[in-house]
Amino acid sequence: MSVRRDGRDDHKQHSTAENPPMSRLFVICNKKQDENDFRRAFSKFGTIEEIWVVQDKYSGENKGIAYIKYNRTSSAANALEEMNGKVINGSSRPIKVIVASSRNQGSGRHENEHEKYVRLFVIVPKDMTENDLKTEFGNYGEVDNVDMLTDKATKEPKGFAYVKYRKFSHAANAFENCGLKFKAVFAEPKSSGRGATSDRSDTRLSRSDDYSYNNRFESRGRNHRSGSSKPTLNITCSHLIGYEQLWRLFDIIPGLVHCEITGECDDNRNFAIAEYTTHEAALYARNKLHGFEYPLDDQIMIRPLVANIKPNLENIFPFEGTRPLVCSVSLPAPMPQAEPGSSCVQRCFIVCMQKPLPSNILTNVFSRFGSLLDVYMLPNKSCGYAKYANSESAQNAIQTLNGAEVCGVKLKVMEAEEQQQGFKRRYSDD
């Protein structure tokens, strides 16, 4: 059986993984599913060159992801459209299927990411008009639009065009069968604006720091594995981040055991979890990635599953300097947060009257009432929200914390209702 361990070395061993383009699928699955399950379910779409099941390089445990490589792009496209969201081998959990990113693409995302799979760049013979081109490529599937490139000054055709389809499988069919005279290739997504190429030094990951930590960690990784529950981080992130991008991001920190998207937080964000072999690895991942903007202007927020790591949040994330948590009211003891994927029953609207409190302090304070899903400040604002899976927890937080001072900052905490929008606008720039 073909097995990937640790998600790194296999990319060096399989030099033809992206030939032909977009013929490799990334599958999120049940940890009990193996190569035989995938081969039975996916062979009907075409010839499979290889199946790689990812396993932890220390324990040999199935990580719940696999790569399926076809010999044709159209086979991968048909498999993706047919199998994404389906259940295989009697599992109650649907699988997630996406096109695996090529090695030279990294883990970045574009606003127009879908276009990468449905848009072709073609050479246009001089005797063809736009209507001729649309008719020709309509033989392979439903064409969304054809864009003939012309010279800005003369308006004469340049001999190039973009052909966009409605479905990945139609674009793949055209790519394979349109003939050498068109020299079709899959086009890169359109630029999403100046933000697509900008960089932010304060949120950029330092690769040298990661490798330095890697060297320190690898020498003692085996000694820190535990047979008990694994240290787990709760994550909220942009809905634009897919399974593979999330995995690659958190796999920067050595010791990743499992990573998956567990549900929707709201229309724009998802819940996710990341499990690590040791407390040190989970702590390093949280400190490294909490607040990281990915994509730009959308922060990844991370909090621990308190019961799985340590019983006291102050011991996990020390506050700035040596300043202890000082609160003007008596607080309950720290409590576990809500399970990932729990529904938000009630939100609290928070205003920090002097300045925003750090996220670790907010988490420490608002988690003490139980069932906390998330707490955060709005970008560049002094107000934010605490989300609870239990209305009683939210009400207790409001009654206790409204008017209290935490580390010298006075809080206003109330129910986040529509009638509070005026209050939000009043204090959002404080």
# chains A, B, ... in the order shown; residues from 1 in each chain; ligands from 1

call {"tool": "select_by_dssp", "arguments": {"residues": "segment 83-158 of chain A", "states": "alpha helix (DSSP H)", "output": "MDAnalysis selection string"}}
result
chainID A and resid 83 115:118 130:137

call {"tool": "atom_distance", "arguments": {"atom1": "atom CA of Ala397 of chain A", "atom2": "atom CA of Tyr376 of chain A"}}
result
14.8 Å

call {"tool": "residues_around", "arguments": {"residues": "Arg119 of chain A", "least_positions_apart": "2", "cutoff": "7 Å", "atoms": "only C-alpha atoms", "output": "PDB file with C-alpha atoms, in the first residue's frame"}}
result
ATOM      1  CA  GLU A 115     -11.454  30.058 -12.115  1.00  0.00           C
ATOM      2  CA  LYS A 116      -8.233  28.074 -11.974  1.00  0.00           C
ATOM      3  CA  TYR A 117     -10.225  24.919 -12.778  1.00  0.00           C
ATOM      4  CA  PHE A 121      -5.829  30.121 -22.162  1.00  0.00           C
ATOM      5  CA  TYR A 162      -9.571  32.936 -22.551  1.00  0.00           C
ATOM      6  CA  VAL A 163     -12.346  30.349 -22.596  1.00  0.00           C
ATOM      7  CA  LYS A 164     -14.270  29.934 -19.362  1.00  0.00           C
ATOM      8  CA  TYR A 165     -16.517  26.944 -18.651  1.00  0.00           C
ATOM      9  CA  ALA A 171     -12.757  22.544 -19.063  1.00  0.00           C
ATOM     10  CA  PHE A 186      -5.317  26.164 -17.604  1.00  0.00           C
ATOM     11  CA  ALA A 187      -5.179  29.896 -16.881  1.00  0.00           C
TER      12      ALA A 187
END

call {"tool": "residues_around", "arguments": {"residues": "Ala272 of chain A", "least_positions_apart": "2", "cutoff": "9 Å", "atoms": "only C-alpha atoms", "output": "tab-separated table (two decimals) with N, CA and C atoms, in the first residue's frame"}}
result
chain	number	residue	atom	x	y	z
A	233	LEU	N	-6.19	22.33	19.59
A	233	LEU	CA	-6.49	23.75	19.45
A	233	LEU	C	-7.81	23.94	18.72
A	234	ASN	N	-8.66	24.83	19.23
A	234	ASN	CA	-9.86	25.24	18.52
A	234	ASN	C	-9.51	26.42	17.63
A	235	ILE	N	-9.99	26.43	16.42
A	235	ILE	CA	-9.62	27.44	15.43
A	235	ILE	C	-10.87	28.02	14.80
A	236	THR	N	-10.89	29.33	14.57
A	236	THR	CA	-11.86	29.92	13.67
A	236	THR	C	-11.08	30.61	12.56
A	237	CYS	N	-11.49	30.39	11.32
A	237	CYS	CA	-10.74	30.91	10.18
A	237	CYS	C	-11.68	31.24	9.03
A	246	LEU	N	-5.41	24.58	5.25
A	246	LEU	CA	-5.37	24.57	6.71
A	246	LEU	C	-4.33	23.56	7.20
A	259	CYS	N	-5.89	17.53	11.58
A	259	CYS	CA	-6.37	18.88	11.35
A	259	CYS	C	-7.58	18.79	10.44
A	260	GLU	N	-8.68	19.45	10.81
A	260	GLU	CA	-9.87	19.39	9.97
A	260	GLU	C	-10.80	20.56	10.26
A	261	ILE	N	-11.61	20.90	9.26
A	261	ILE	CA	-12.68	21.87	9.41
A	261	ILE	C	-13.89	21.14	9.96
A	262	THR	N	-14.45	21.64	11.06
A	262	THR	CA	-15.51	20.91	11.75
A	262	THR	C	-16.90	21.47	11.54
A	263	GLY	N	-17.01	22.69	11.02
A	263	GLY	CA	-18.34	23.26	10.82
A	263	GLY	C	-18.27	24.74	10.51
A	264	GLU	N	-19.43	25.34	10.26
A	264	GLU	CA	-19.52	26.76	9.95
A	264	GLU	C	-19.73	27.58	11.21
A	270	ASN	N	-15.24	29.56	9.45
A	270	ASN	CA	-15.46	28.16	9.82
A	270	ASN	C	-14.79	27.83	11.14
A	274	ALA	N	-7.00	21.49	15.44
A	274	ALA	CA	-5.67	20.95	15.13
A	274	ALA	C	-5.17	20.20	16.36
A	340	PRO	N	-16.02	21.88	19.57
A	340	PRO	CA	-15.98	22.42	18.21
A	340	PRO	C	-17.24	22.06	17.44
A	341	GLY	N	-17.75	23.03	16.67
A	341	GLY	CA	-18.94	22.78	15.87
A	341	GLY	C	-20.24	23.04	16.60

call {"tool": "closest_residue", "arguments": {"among": "A:Glu392, A:Gly403, A:Thr278, A:Cys327", "to": "Cys352 of chain A", "atoms": "only C-alpha atoms"}}
result
A:Gly403

call {"tool": "closest_residue", "arguments": {"among": "A:Tyr67, A:Phe366, A:Phe168, A:Phe182", "to": "Ile123 of chain A", "atoms": "only C-alpha atoms"}}
result
A:Phe182

call {"tool": "residues_around", "arguments": {"residues": "segment 26-29 of chain A", "least_positions_apart": "2", "cutoff": "7 Å", "atoms": "only C-alpha atoms", "output": "NGL selection string"}}
result
:A and (24 or 31 or 33 or 64-68 or 95-100)

call {"tool": "closest_residue", "arguments": {"among": "A:Ala79, A:Ser169, A:Tyr70, A:Lys86", "to": "Val118 of chain A", "atoms": "only C-alpha atoms"}}
result
A:Ser169

call {"tool": "residues_around", "arguments": {"residues": "Glu156 of chain A", "least_positions_apart": "5", "cutoff": "12 Å", "atoms": "only C-alpha atoms", "output": "PyMOL selection string"}}
result
chain A and resi 126+129+148-151

call {"tool": "write_last_selection", "arguments": {"atoms": "N, CA, C and O atoms", "output": "short mmCIF file (atom, residue, chain, number, x, y, z; two decimals), in the first residue's frame"}}
result
data_model
loop_
_atom_site.label_atom_id
_atom_site.label_comp_id
_atom_site.auth_asym_id
_atom_site.auth_seq_id
_atom_site.Cartn_x
_atom_site.Cartn_y
_atom_site.Cartn_z
N LYS A 126 -5.76 32.69 -36.87
CA LYS A 126 -6.09 34.02 -37.38
C LYS A 126 -7.45 34.08 -38.07
O LYS A 126 -8.07 35.14 -38.16
N THR A 129 -13.16 33.81 -35.47
CA THR A 129 -13.80 34.91 -34.75
C THR A 129 -14.16 34.43 -33.34
O THR A 129 -14.04 33.24 -33.02
N MET A 148 -11.59 37.35 -26.15
CA MET A 148 -10.52 37.48 -27.15
C MET A 148 -9.66 38.69 -26.79
O MET A 148 -10.18 39.79 -26.57
N LEU A 149 -8.35 38.51 -26.73
CA LEU A 149 -7.45 39.60 -26.39
C LEU A 149 -7.14 40.42 -27.64
O LEU A 149 -6.82 39.88 -28.70
N THR A 150 -7.24 41.75 -27.50
CA THR A 150 -6.99 42.66 -28.62
C THR A 150 -5.97 43.71 -28.23
O THR A 150 -5.79 44.02 -27.04
N ASP A 151 -5.32 44.26 -29.22
CA ASP A 151 -4.36 45.35 -29.00
C ASP A 151 -5.11 46.61 -28.60
O ASP A 151 -6.10 46.98 -29.24
#

call {"tool": "atom_distance", "arguments": {"atom1": "atom CA of Gly370 of chain A", "atom2": "atom CA of Glu293 of chain A"}}
result
27.9 Å

call {"tool": "closest_residue", "arguments": {"among": "A:Asn177, A:Ser59, A:Asn71, A:Ser101", "to": "Trp247 of chain A", "atoms": "only C-alpha atoms"}}
result
A:Ser101

call {"tool": "select_by_dssp", "arguments": {"residues": "segment 237-271 of chain A", "states": "strand (DSSP E)", "output": "ChimeraX atom specification"}}
result
/A:237-238,256-264,269-271

call {"tool": "atom_distance", "arguments": {"atom1": "atom CA of Met414 of chain A", "atom2": "atom CA of Pro358 of chain A"}}
result
19.4 Å

call {"tool": "closest_residue", "arguments": {"among": "A:Phe160, A:Tyr276, A:Phe271, A:Phe42", "to": "Phe250 of chain A", "atoms": "only C-alpha atoms"}}
result
A:Tyr276

call {"tool": "closest_residue", "arguments": {"among": "A:Met301, A:Ala416, A:Val365, A:Leu25", "to": "Gln346 of chain A", "atoms": "only C-alpha atoms"}}
result
A:Ala416

call {"tool": "decode", "arguments": {"residues": "segment 22-56 of chain A", "atoms": "N, CA and C atoms", "output": "short mmCIF file (atom, residue, chain, number, x, y, z; two decimals), in the first residue's frame"}}
result
data_model
loop_
_atom_site.label_atom_id
_atom_site.label_comp_id
_atom_site.auth_asym_id
_atom_site.auth_seq_id
_atom_site.Cartn_x
_atom_site.Cartn_y
_atom_site.Cartn_z
N MET A 22 -3.61 19.29 -12.54
CA MET A 22 -4.86 19.13 -11.79
C MET A 22 -5.42 17.72 -11.85
N SER A 23 -4.51 16.76 -11.91
CA SER A 23 -4.93 15.36 -11.95
C SER A 23 -4.79 14.68 -10.59
N ARG A 24 -4.45 15.46 -9.58
CA ARG A 24 -4.22 14.92 -8.23
C ARG A 24 -5.26 15.49 -7.28
N LEU A 25 -5.96 14.62 -6.57
CA LEU A 25 -7.02 15.03 -5.65
C LEU A 25 -6.57 14.88 -4.20
N PHE A 26 -7.07 15.80 -3.38
CA PHE A 26 -6.82 15.79 -1.94
C PHE A 26 -8.13 15.41 -1.26
N VAL A 27 -8.11 14.35 -0.45
CA VAL A 27 -9.33 13.80 0.12
C VAL A 27 -9.26 13.83 1.64
N ILE A 28 -10.28 14.43 2.26
CA ILE A 28 -10.44 14.38 3.71
C ILE A 28 -11.42 13.26 4.02
N CYS A 29 -11.03 12.33 4.88
CA CYS A 29 -11.80 11.10 5.02
C CYS A 29 -11.82 10.63 6.47
N ASN A 30 -12.48 9.51 6.67
CA ASN A 30 -12.48 8.84 7.96
C ASN A 30 -11.12 8.18 8.17
N LYS A 31 -10.61 8.23 9.39
CA LYS A 31 -9.29 7.66 9.68
C LYS A 31 -9.24 6.14 9.47
N LYS A 32 -10.40 5.50 9.42
CA LYS A 32 -10.43 4.05 9.25
C LYS A 32 -10.39 3.64 7.77
N GLN A 33 -10.53 4.61 6.87
CA GLN A 33 -10.56 4.29 5.45
C GLN A 33 -9.13 4.13 4.92
N ASP A 34 -8.93 3.13 4.06
CA ASP A 34 -7.59 2.84 3.57
C ASP A 34 -7.56 2.86 2.04
N GLU A 35 -6.42 2.46 1.48
CA GLU A 35 -6.22 2.52 0.03
C GLU A 35 -7.27 1.70 -0.72
N ASN A 36 -7.61 0.55 -0.21
CA ASN A 36 -8.59 -0.31 -0.89
C ASN A 36 -9.95 0.37 -0.99
N ASP A 37 -10.35 1.08 0.08
CA ASP A 37 -11.62 1.81 0.06
C ASP A 37 -11.62 2.87 -1.04
N PHE A 38 -10.53 3.62 -1.14
CA PHE A 38 -10.44 4.67 -2.16
C PHE A 38 -10.40 4.07 -3.57
N ARG A 39 -9.68 2.98 -3.73
CA ARG A 39 -9.55 2.38 -5.06
C ARG A 39 -10.90 1.85 -5.54
N ARG A 40 -11.67 1.26 -4.64
CA ARG A 40 -13.00 0.75 -5.03
C ARG A 40 -13.93 1.91 -5.41
N ALA A 41 -13.84 3.02 -4.68
CA ALA A 41 -14.77 4.13 -4.91
C ALA A 41 -14.37 5.01 -6.08
N PHE A 42 -13.06 5.14 -6.36
CA PHE A 42 -12.59 6.12 -7.34
C PHE A 42 -12.12 5.52 -8.66
N SER A 43 -11.96 4.21 -8.75
CA SER A 43 -11.44 3.60 -9.98
C SER A 43 -12.38 3.76 -11.17
N LYS A 44 -13.67 3.89 -10.92
CA LYS A 44 -14.63 3.97 -12.02
C LYS A 44 -14.48 5.23 -12.86
N PHE A 45 -13.74 6.23 -12.35
CA PHE A 45 -13.60 7.48 -13.08
C PHE A 45 -12.39 7.49 -14.01
N GLY A 46 -11.53 6.52 -13.92
CA GLY A 46 -10.37 6.46 -14.79
C GLY A 46 -9.21 5.74 -14.14
N THR A 47 -8.08 5.74 -14.83
CA THR A 47 -6.90 5.03 -14.35
C THR A 47 -6.23 5.80 -13.22
N ILE A 48 -6.11 5.14 -12.07
CA ILE A 48 -5.45 5.74 -10.91
C ILE A 48 -3.97 5.34 -10.95
N GLU A 49 -3.10 6.33 -10.95
CA GLU A 49 -1.67 6.04 -10.95
C GLU A 49 -1.16 5.68 -9.57
N GLU A 50 -1.67 6.36 -8.56
CA GLU A 50 -1.21 6.07 -7.20
C GLU A 50 -2.17 6.66 -6.18
N ILE A 51 -2.24 6.02 -5.04
CA ILE A 51 -3.00 6.52 -3.89
C ILE A 51 -2.04 6.63 -2.72
N TRP A 52 -2.00 7.80 -2.12
CA TRP A 52 -1.12 8.02 -0.96
C TRP A 52 -1.99 8.28 0.26
N VAL A 53 -1.91 7.41 1.24
CA VAL A 53 -2.64 7.59 2.50
C VAL A 53 -1.66 8.17 3.52
N VAL A 54 -1.98 9.32 4.07
CA VAL A 54 -1.07 10.01 4.98
C VAL A 54 -1.14 9.39 6.37
N GLN A 55 0.03 9.03 6.89
CA GLN A 55 0.12 8.48 8.23
C GLN A 55 1.14 9.25 9.05
N ASP A 56 0.91 9.31 10.35
CA ASP A 56 1.85 9.94 11.25
C ASP A 56 3.17 9.17 11.23
#
